[in-house]
Amino acid sequence: MRKVCLLGASGSIGTQTLDVLRKNRADFELVAFSVGERTRDIHNILRRFPTVKMVCIKNGKLLNEYKARYPKFKFVSGDEGLLQLIDTDCDMVVNALVGFVGLKPSLYALEKNKILALANKESLVVGGELINRALRNGSGKLYPIDSEHSALMKCLMVDDQNVSKLMLTASGGAFRNLSREQLKDVTPEQALMHPTWKMGPKITIDCATMVNKAFEIIEAHYLFNYPVDKIGVKLHDESYVHSYVIYDNGLIRADIGMPDMRKPIKLALYEFKSEFKTVSVTSLEKFEKKKGCHFHDFDINRYPMVKYAEMVINKKDTYGAVFNAVNEEAVKAFLNHEISFLDIEDIISVAMKKHQPVRHPDYALIASVDRNARVLARELIEERRKRA
């Protein structure tokens, strides 16, 4: 019986993780969870999982209220509360938090030699060097919760020899059929209409800008230790081929299936020890004919944000922290109708050019860069608001 701590239980990945845990009670026991500001979800989670011992909420002012309402459970709050959850007697931490806030819990879990099932992309984008150092220095383990990286891990577990390229597939987001000119007047509501996946608002916008794919390239680099020139992107309309590996002899090994995040969640929970299948073919054309799939070459001019993956991987330092922080602020502003869709790209580009990197940063330095980048992002957002 594995004891699980779930960070971000009320988000998209968190709620699907709860579904997987509920259907596999013989193997997993939920002992702690966080819900951020969505405290309305606490009652149902506690009712469904009476094994819980500790709950973390974001707002410390509400602690006494929840302690009085649920006296049998321990309540904690804030970023420090997330670390207290990890200090319970859990074996595995599922990090389904969104944003920079997920980095410190990821590092803490590995430092405590826990098994980390990671859906928080930002942990690797911002702190990939720190995460891998924690893995080397301890006995913690890391498993990705992401359809693309789960697919790549499955393929590489079957055969990781003579690999020519890791290929991440991408739907292209809500605006994949629009030209750059047509993107000028798109709305947040339109951007949230993802063609194949149901996800939270932030990651859905990231899919439309393809910042999400830049993040996934960085993730793949840190997860599998491949250089950026061995990691590619292929547009794929149906999201049926989750990602694939090309070998030196031209053979392709892929993971295929309907879009459903419960599958990679379950694989991570079981440490990729449960049964899975991959498919090998000699060309993508065979996939297209057999499954009715459609693939397209990736165009960096259409999705220019992906170029920053190479900068973050090759230069390292604190570029990932700036990329993530400015994107978070810009996406928030777009969702609040403060800036246009294309302003997201412009603000990121300006911030990345202005950044003076810090060499070999520790967590404290990364956190400082994160704060400063957000200040710059807000200044750039205000400039565009005044122009509008």
# chains A, B, ... in the order shown; residues from 1 in each chain; ligands from 1
call {"tool": "residues_around", "arguments": {"residues": "range 252-257 of chain A", "least_positions_apart": "5", "cutoff": "8 Å", "atoms": "only C-alpha atoms", "output": "number ranges by chain"}}
result
A: 151-152, 154-155, 240-247, 277-284
call {"tool": "write_last_selection", "arguments": {"atoms": "N, CA and C atoms", "output": "PDB file, in the first residue's frame"}}
result
ATOM      1  N   ALA A 151       4.737   9.101 -22.771  1.00  0.00           N
ATOM      2  CA  ALA A 151       4.887   8.343 -24.013  1.00  0.00           C
ATOM      3  C   ALA A 151       6.353   8.089 -24.326  1.00  0.00           C
ATOM      4  N   LEU A 152       7.179   9.114 -24.193  1.00  0.00           N
ATOM      5  CA  LEU A 152       8.603   8.951 -24.484  1.00  0.00           C
ATOM      6  C   LEU A 152       9.249   7.964 -23.511  1.00  0.00           C
ATOM      7  N   LYS A 154       7.830   5.466 -22.002  1.00  0.00           N
ATOM      8  CA  LYS A 154       7.387   4.117 -22.379  1.00  0.00           C
ATOM      9  C   LYS A 154       8.209   3.585 -23.554  1.00  0.00           C
ATOM     10  N   CYS A 155       8.398   4.440 -24.558  1.00  0.00           N
ATOM     11  CA  CYS A 155       9.157   4.014 -25.740  1.00  0.00           C
ATOM     12  C   CYS A 155      10.611   3.717 -25.384  1.00  0.00           C
ATOM     13  N   TYR A 240      -3.632  11.690 -30.961  1.00  0.00           N
ATOM     14  CA  TYR A 240      -3.766  10.241 -30.788  1.00  0.00           C
ATOM     15  C   TYR A 240      -2.396   9.591 -30.599  1.00  0.00           C
ATOM     16  N   VAL A 241      -1.405  10.091 -31.320  1.00  0.00           N
ATOM     17  CA  VAL A 241      -0.017   9.671 -31.110  1.00  0.00           C
ATOM     18  C   VAL A 241       0.577  10.656 -30.106  1.00  0.00           C
ATOM     19  N   HIS A 242       0.852  10.184 -28.897  1.00  0.00           N
ATOM     20  CA  HIS A 242       1.197  11.097 -27.814  1.00  0.00           C
ATOM     21  C   HIS A 242       2.631  11.612 -27.905  1.00  0.00           C
ATOM     22  N   SER A 243       3.498  10.857 -28.466  1.00  0.00           N
ATOM     23  CA  SER A 243       4.873  11.231 -28.814  1.00  0.00           C
ATOM     24  C   SER A 243       5.546   9.978 -29.350  1.00  0.00           C
ATOM     25  N   TYR A 244       6.732  10.138 -29.937  1.00  0.00           N
ATOM     26  CA  TYR A 244       7.384   8.965 -30.522  1.00  0.00           C
ATOM     27  C   TYR A 244       8.893   9.154 -30.557  1.00  0.00           C
ATOM     28  N   VAL A 245       9.592   8.044 -30.749  1.00  0.00           N
ATOM     29  CA  VAL A 245      11.053   8.026 -30.816  1.00  0.00           C
ATOM     30  C   VAL A 245      11.475   7.540 -32.188  1.00  0.00           C
ATOM     31  N   ILE A 246      12.403   8.249 -32.812  1.00  0.00           N
ATOM     32  CA  ILE A 246      12.969   7.819 -34.090  1.00  0.00           C
ATOM     33  C   ILE A 246      14.357   7.245 -33.826  1.00  0.00           C
ATOM     34  N   TYR A 247      14.632   6.072 -34.377  1.00  0.00           N
ATOM     35  CA  TYR A 247      15.928   5.421 -34.183  1.00  0.00           C
ATOM     36  C   TYR A 247      16.817   5.618 -35.409  1.00  0.00           C
ATOM     37  N   LYS A 277       1.692  -0.745 -23.785  1.00  0.00           N
ATOM     38  CA  LYS A 277       2.068  -1.133 -25.145  1.00  0.00           C
ATOM     39  C   LYS A 277       2.593   0.075 -25.908  1.00  0.00           C
ATOM     40  N   THR A 278       3.565  -0.162 -26.774  1.00  0.00           N
ATOM     41  CA  THR A 278       4.002   0.830 -27.748  1.00  0.00           C
ATOM     42  C   THR A 278       3.908   0.183 -29.123  1.00  0.00           C
ATOM     43  N   VAL A 279       3.905   1.006 -30.146  1.00  0.00           N
ATOM     44  CA  VAL A 279       3.758   0.514 -31.514  1.00  0.00           C
ATOM     45  C   VAL A 279       4.964   0.947 -32.322  1.00  0.00           C
ATOM     46  N   SER A 280       5.495   0.048 -33.155  1.00  0.00           N
ATOM     47  CA  SER A 280       6.611   0.419 -34.022  1.00  0.00           C
ATOM     48  C   SER A 280       6.189   0.329 -35.485  1.00  0.00           C
ATOM     49  N   VAL A 281       6.598   1.340 -36.257  1.00  0.00           N
ATOM     50  CA  VAL A 281       6.316   1.383 -37.694  1.00  0.00           C
ATOM     51  C   VAL A 281       7.540   1.947 -38.398  1.00  0.00           C
ATOM     52  N   THR A 282       7.517   1.885 -39.701  1.00  0.00           N
ATOM     53  CA  THR A 282       8.652   2.410 -40.472  1.00  0.00           C
ATOM     54  C   THR A 282       8.446   3.841 -40.930  1.00  0.00           C
ATOM     55  N   SER A 283       7.195   4.370 -40.800  1.00  0.00           N
ATOM     56  CA  SER A 283       6.959   5.758 -41.212  1.00  0.00           C
ATOM     57  C   SER A 283       5.667   6.283 -40.595  1.00  0.00           C
ATOM     58  N   LEU A 284       5.579   7.619 -40.485  1.00  0.00           N
ATOM     59  CA  LEU A 284       4.349   8.234 -39.992  1.00  0.00           C
ATOM     60  C   LEU A 284       3.196   8.034 -40.969  1.00  0.00           C
TER      61      LEU A 284
END
call {"tool": "residues_around", "arguments": {"residues": "Leu6 in chain A", "least_positions_apart": "5", "cutoff": "7 Å", "atoms": "only C-alpha atoms", "output": "PDB file with C-alpha atoms, in the first residue's frame"}}
result
ATOM      1  CA  ALA A  32      -2.500  14.508   2.526  1.00  0.00           C
ATOM      2  CA  PHE A  33      -3.632  17.029  -0.084  1.00  0.00           C
ATOM      3  CA  SER A  34      -3.738  20.734  -0.944  1.00  0.00           C
ATOM      4  CA  VAL A  93       4.208  13.080  -3.768  1.00  0.00           C
ATOM      5  CA  VAL A  94       2.038  13.906  -6.765  1.00  0.00           C
ATOM      6  CA  ASN A  95       2.863  17.501  -7.704  1.00  0.00           C
TER       7      ASN A  95
END
call {"tool": "closest_residue", "arguments": {"among": "A:Lys386, A:Arg69, A:Lys234, A:Lys273", "to": "Phe295 in chain A", "atoms": "only C-alpha atoms"}}
result
A:Lys234
call {"tool": "closest_residue", "arguments": {"among": "A:Ala214, A:Leu107, A:Leu142, A:Leu82", "to": "Tyr363 in chain A", "atoms": "only C-alpha atoms"}}
result
A:Leu107
call {"tool": "residues_around", "arguments": {"residues": "Lys263 in chain A", "least_positions_apart": "6", "cutoff": "10 Å", "atoms": "only C-alpha atoms", "output": "list in words"}}
result
Gln16, Thr17, Val20, Ile145, Asp146, Ser147, Ser150, Gly257, Leu269 and Phe276 of chain A
call {"tool": "write_last_selection", "arguments": {"atoms": "N, CA, C and O atoms", "output": "PDB file, in the first residue's frame"}}
result
ATOM      1  N   GLN A  16      -8.271  14.377 -11.623  1.00  0.00           N
ATOM      2  CA  GLN A  16      -8.118  13.105 -12.341  1.00  0.00           C
ATOM      3  C   GLN A  16      -7.250  12.127 -11.545  1.00  0.00           C
ATOM      4  O   GLN A  16      -7.466  10.911 -11.594  1.00  0.00           O
ATOM      5  N   THR A  17      -6.288  12.644 -10.797  1.00  0.00           N
ATOM      6  CA  THR A  17      -5.491  11.783  -9.918  1.00  0.00           C
ATOM      7  C   THR A  17      -6.378  11.171  -8.844  1.00  0.00           C
ATOM      8  O   THR A  17      -6.247   9.981  -8.518  1.00  0.00           O
ATOM      9  N   VAL A  20      -8.146   8.226 -10.233  1.00  0.00           N
ATOM     10  CA  VAL A  20      -7.283   7.043 -10.329  1.00  0.00           C
ATOM     11  C   VAL A  20      -7.074   6.425  -8.950  1.00  0.00           C
ATOM     12  O   VAL A  20      -7.135   5.197  -8.792  1.00  0.00           O
ATOM     13  N   ILE A 145       4.220  13.069 -15.130  1.00  0.00           N
ATOM     14  CA  ILE A 145       2.785  12.983 -15.441  1.00  0.00           C
ATOM     15  C   ILE A 145       2.536  13.978 -16.563  1.00  0.00           C
ATOM     16  O   ILE A 145       2.329  15.168 -16.325  1.00  0.00           O
ATOM     17  N   ASP A 146       2.614  13.520 -17.753  1.00  0.00           N
ATOM     18  CA  ASP A 146       2.472  14.353 -18.942  1.00  0.00           C
ATOM     19  C   ASP A 146       2.316  13.368 -20.092  1.00  0.00           C
ATOM     20  O   ASP A 146       3.086  12.405 -20.185  1.00  0.00           O
ATOM     21  N   SER A 147       1.350  13.570 -20.943  1.00  0.00           N
ATOM     22  CA  SER A 147       1.109  12.578 -21.993  1.00  0.00           C
ATOM     23  C   SER A 147       2.336  12.389 -22.880  1.00  0.00           C
ATOM     24  O   SER A 147       2.696  11.265 -23.236  1.00  0.00           O
ATOM     25  N   SER A 150       5.355  10.856 -20.724  1.00  0.00           N
ATOM     26  CA  SER A 150       4.971   9.488 -20.386  1.00  0.00           C
ATOM     27  C   SER A 150       5.155   8.592 -21.605  1.00  0.00           C
ATOM     28  O   SER A 150       5.682   7.476 -21.512  1.00  0.00           O
ATOM     29  N   GLY A 257      -3.137   6.344 -28.423  1.00  0.00           N
ATOM     30  CA  GLY A 257      -4.347   6.148 -27.633  1.00  0.00           C
ATOM     31  C   GLY A 257      -5.154   7.437 -27.580  1.00  0.00           C
ATOM     32  O   GLY A 257      -4.674   8.514 -27.934  1.00  0.00           O
ATOM     33  N   LEU A 269       1.936   6.716 -11.020  1.00  0.00           N
ATOM     34  CA  LEU A 269       1.623   6.192  -9.688  1.00  0.00           C
ATOM     35  C   LEU A 269       2.191   4.796  -9.498  1.00  0.00           C
ATOM     36  O   LEU A 269       2.667   4.441  -8.414  1.00  0.00           O
ATOM     37  N   PHE A 276       2.046  -1.861 -20.385  1.00  0.00           N
ATOM     38  CA  PHE A 276       1.725  -0.860 -21.394  1.00  0.00           C
ATOM     39  C   PHE A 276       2.211  -1.360 -22.742  1.00  0.00           C
ATOM     40  O   PHE A 276       3.023  -2.277 -22.834  1.00  0.00           O
TER      41      PHE A 276
END
call {"tool": "closest_residue", "arguments": {"among": "A:Leu130, A:Arg374, A:Gly292, A:His149", "to": "Pro264 in chain A", "atoms": "only C-alpha atoms"}}
result
A:His149
call {"tool": "select_by_dssp", "arguments": {"residues": "range 141-232 of chain A", "states": "helix (DSSP H, G or I)", "output": "PyMOL selection string"}}
result
chain A and resi 147-158+181-185+188-191+201-209+211-224+228-230
call {"tool": "closest_residue", "arguments": {"among": "A:Ala68, A:Ile344, A:Ala321, A:Cys5", "to": "Phe28 in chain A", "atoms": "only C-alpha atoms"}}
result
A:Cys5
call {"tool": "atom_distance", "arguments": {"atom1": "CA of Ser368 in chain A", "atom2": "CA of Asp317 in chain A"}}
result
13.1 Å
call {"tool": "residues_around", "arguments": {"residues": "range 84-88 of chain A", "least_positions_apart": "3", "cutoff": "8 Å", "atoms": "only C-alpha atoms", "output": "NGL selection string"}}
result
:A and (5 or 31-33 or 54-56 or 76 or 80-81 or 93 or 105 or 108-109)
call {"tool": "closest_residue", "arguments": {"among": "A:His236, A:Asn324, A:Leu156, A:Lys353", "to": "Val369 in chain A", "atoms": "only C-alpha atoms"}}
result
A:Asn324
call {"tool": "residues_around", "arguments": {"residues": "Gly60 in chain A", "least_positions_apart": "5", "cutoff": "12 Å", "atoms": "only C-alpha atoms", "output": "number ranges by chain"}}
result
A: 36-37, 39, 65-67, 75-81
call {"tool": "write_last_selection", "arguments": {"atoms": "N, CA and C atoms", "output": "compact mmCIF listing (two decimals), in the first residue's frame"}}
result
# COMPACT_ATOMS: atom_id res chain seq x y z
N GLY A 36 -5.34 24.83 -2.53
CA GLY A 36 -5.20 26.25 -2.85
C GLY A 36 -6.39 27.05 -2.37
N GLU A 37 -7.01 27.77 -3.29
CA GLU A 37 -8.17 28.60 -2.94
C GLU A 37 -9.50 27.89 -3.13
N THR A 39 -11.40 25.86 -1.68
CA THR A 39 -11.69 25.16 -0.43
C THR A 39 -13.04 24.44 -0.46
N GLU A 65 -11.29 28.49 10.81
CA GLU A 65 -12.61 28.07 10.34
C GLU A 65 -12.63 26.60 9.96
N TYR A 66 -11.61 26.17 9.23
CA TYR A 66 -11.59 24.78 8.77
C TYR A 66 -11.19 23.82 9.88
N LYS A 67 -10.37 24.28 10.79
CA LYS A 67 -10.02 23.43 11.94
C LYS A 67 -11.26 23.16 12.79
N PHE A 75 -5.03 21.01 9.63
CA PHE A 75 -5.02 21.97 8.53
C PHE A 75 -3.79 22.87 8.62
N VAL A 76 -3.16 23.10 7.49
CA VAL A 76 -2.00 23.99 7.39
C VAL A 76 -2.25 24.91 6.19
N SER A 77 -1.37 25.92 6.02
CA SER A 77 -1.63 26.88 4.94
C SER A 77 -0.35 27.37 4.29
N GLY A 78 -0.54 27.94 3.10
CA GLY A 78 0.54 28.61 2.39
C GLY A 78 1.61 27.70 1.84
N ASP A 79 2.70 28.31 1.34
CA ASP A 79 3.80 27.55 0.76
C ASP A 79 4.46 26.64 1.79
N GLU A 80 4.56 27.12 3.02
CA GLU A 80 5.16 26.30 4.07
C GLU A 80 4.27 25.08 4.37
N GLY A 81 2.97 25.29 4.24
CA GLY A 81 2.04 24.18 4.45
C GLY A 81 2.23 23.05 3.45
call {"tool": "residues_around", "arguments": {"residues": "range 364-366 of chain A", "least_positions_apart": "6", "cutoff": "8 Å", "atoms": "only C-alpha atoms", "output": "list of chain:residue names"}}
result
A:Val126, A:Gly127, A:Thr318, A:Ala321, A:Val358
call {"tool": "residues_around", "arguments": {"residues": "Leu97 in chain A", "least_positions_apart": "4", "cutoff": "8 Å", "atoms": "only C-alpha atoms", "output": "list in words"}}
result
Leu7, Gly8, Gly11, Val101, Gly102, Ala119 and Asn120 of chain A
call {"tool": "write_last_selection", "arguments": {"atoms": "all heavy atoms", "output": "PDB file, in the first residue's frame"}}
result
ATOM      1  N   LEU A   7      -0.540  17.326  -4.197  1.00  0.00           N
ATOM      2  CA  LEU A   7      -0.491  18.786  -4.216  1.00  0.00           C
ATOM      3  C   LEU A   7      -1.275  19.291  -5.421  1.00  0.00           C
ATOM      4  O   LEU A   7      -0.965  18.940  -6.557  1.00  0.00           O
ATOM      5  CB  LEU A   7       0.962  19.267  -4.308  1.00  0.00           C
ATOM      6  CG  LEU A   7       1.939  18.686  -3.287  1.00  0.00           C
ATOM      7  CD1 LEU A   7       3.344  19.264  -3.506  1.00  0.00           C
ATOM      8  CD2 LEU A   7       1.470  18.947  -1.860  1.00  0.00           C
ATOM      9  N   GLY A   8      -2.287  20.099  -5.170  1.00  0.00           N
ATOM     10  CA  GLY A   8      -3.124  20.600  -6.256  1.00  0.00           C
ATOM     11  C   GLY A   8      -4.286  19.678  -6.546  1.00  0.00           C
ATOM     12  O   GLY A   8      -4.592  19.390  -7.705  1.00  0.00           O
ATOM     13  N   GLY A  11      -7.289  20.945  -8.992  1.00  0.00           N
ATOM     14  CA  GLY A  11      -7.045  21.311 -10.387  1.00  0.00           C
ATOM     15  C   GLY A  11      -7.385  20.171 -11.333  1.00  0.00           C
ATOM     16  O   GLY A  11      -7.839  19.103 -10.916  1.00  0.00           O
ATOM     17  N   VAL A 101       5.235  28.048  -8.017  1.00  0.00           N
ATOM     18  CA  VAL A 101       4.985  27.565  -6.655  1.00  0.00           C
ATOM     19  C   VAL A 101       5.290  26.075  -6.507  1.00  0.00           C
ATOM     20  O   VAL A 101       5.546  25.585  -5.412  1.00  0.00           O
ATOM     21  CB  VAL A 101       3.520  27.858  -6.241  1.00  0.00           C
ATOM     22  CG1 VAL A 101       2.542  27.021  -7.047  1.00  0.00           C
ATOM     23  CG2 VAL A 101       3.319  27.623  -4.748  1.00  0.00           C
ATOM     24  N   GLY A 102       5.317  25.341  -7.627  1.00  0.00           N
ATOM     25  CA  GLY A 102       5.559  23.902  -7.566  1.00  0.00           C
ATOM     26  C   GLY A 102       7.014  23.506  -7.416  1.00  0.00           C
ATOM     27  O   GLY A 102       7.309  22.359  -7.061  1.00  0.00           O
ATOM     28  N   ALA A 119       3.631  16.585 -12.397  1.00  0.00           N
ATOM     29  CA  ALA A 119       2.849  17.227 -13.453  1.00  0.00           C
ATOM     30  C   ALA A 119       3.197  18.701 -13.553  1.00  0.00           C
ATOM     31  O   ALA A 119       2.789  19.363 -14.506  1.00  0.00           O
ATOM     32  CB  ALA A 119       1.354  17.067 -13.172  1.00  0.00           C
ATOM     33  N   ASN A 120       3.926  19.218 -12.576  1.00  0.00           N
ATOM     34  CA  ASN A 120       4.308  20.631 -12.537  1.00  0.00           C
ATOM     35  C   ASN A 120       5.494  20.876 -13.472  1.00  0.00           C
ATOM     36  O   ASN A 120       6.647  20.680 -13.099  1.00  0.00           O
ATOM     37  CB  ASN A 120       4.649  21.034 -11.098  1.00  0.00           C
ATOM     38  CG  ASN A 120       5.101  22.464 -10.969  1.00  0.00           C
ATOM     39  OD1 ASN A 120       6.291  22.742 -10.858  1.00  0.00           O
ATOM     40  ND2 ASN A 120       4.166  23.396 -11.010  1.00  0.00           N
TER      41      ASN A 120
END
call {"tool": "closest_residue", "arguments": {"among": "A:Arg385, A:His43, A:Lys266, A:Lys114", "to": "Asp27 in chain A", "atoms": "only C-alpha atoms"}}
result
A:Lys266
call {"tool": "atom_distance", "arguments": {"atom1": "CA of Leu118 in chain A", "atom2": "CA of Pro144 in chain A"}}
result
4.9 Å
call {"tool": "select_by_dssp", "arguments": {"residues": "range 184-260 of chain A", "states": "strand (DSSP E)", "output": "number ranges by chain"}}
result
A: 231-236, 241-247, 252-256
call {"tool": "atom_distance", "arguments": {"atom1": "CA of Asn327 in chain A", "atom2": "CA of Ala367 in chain A"}}
result
15.4 Å
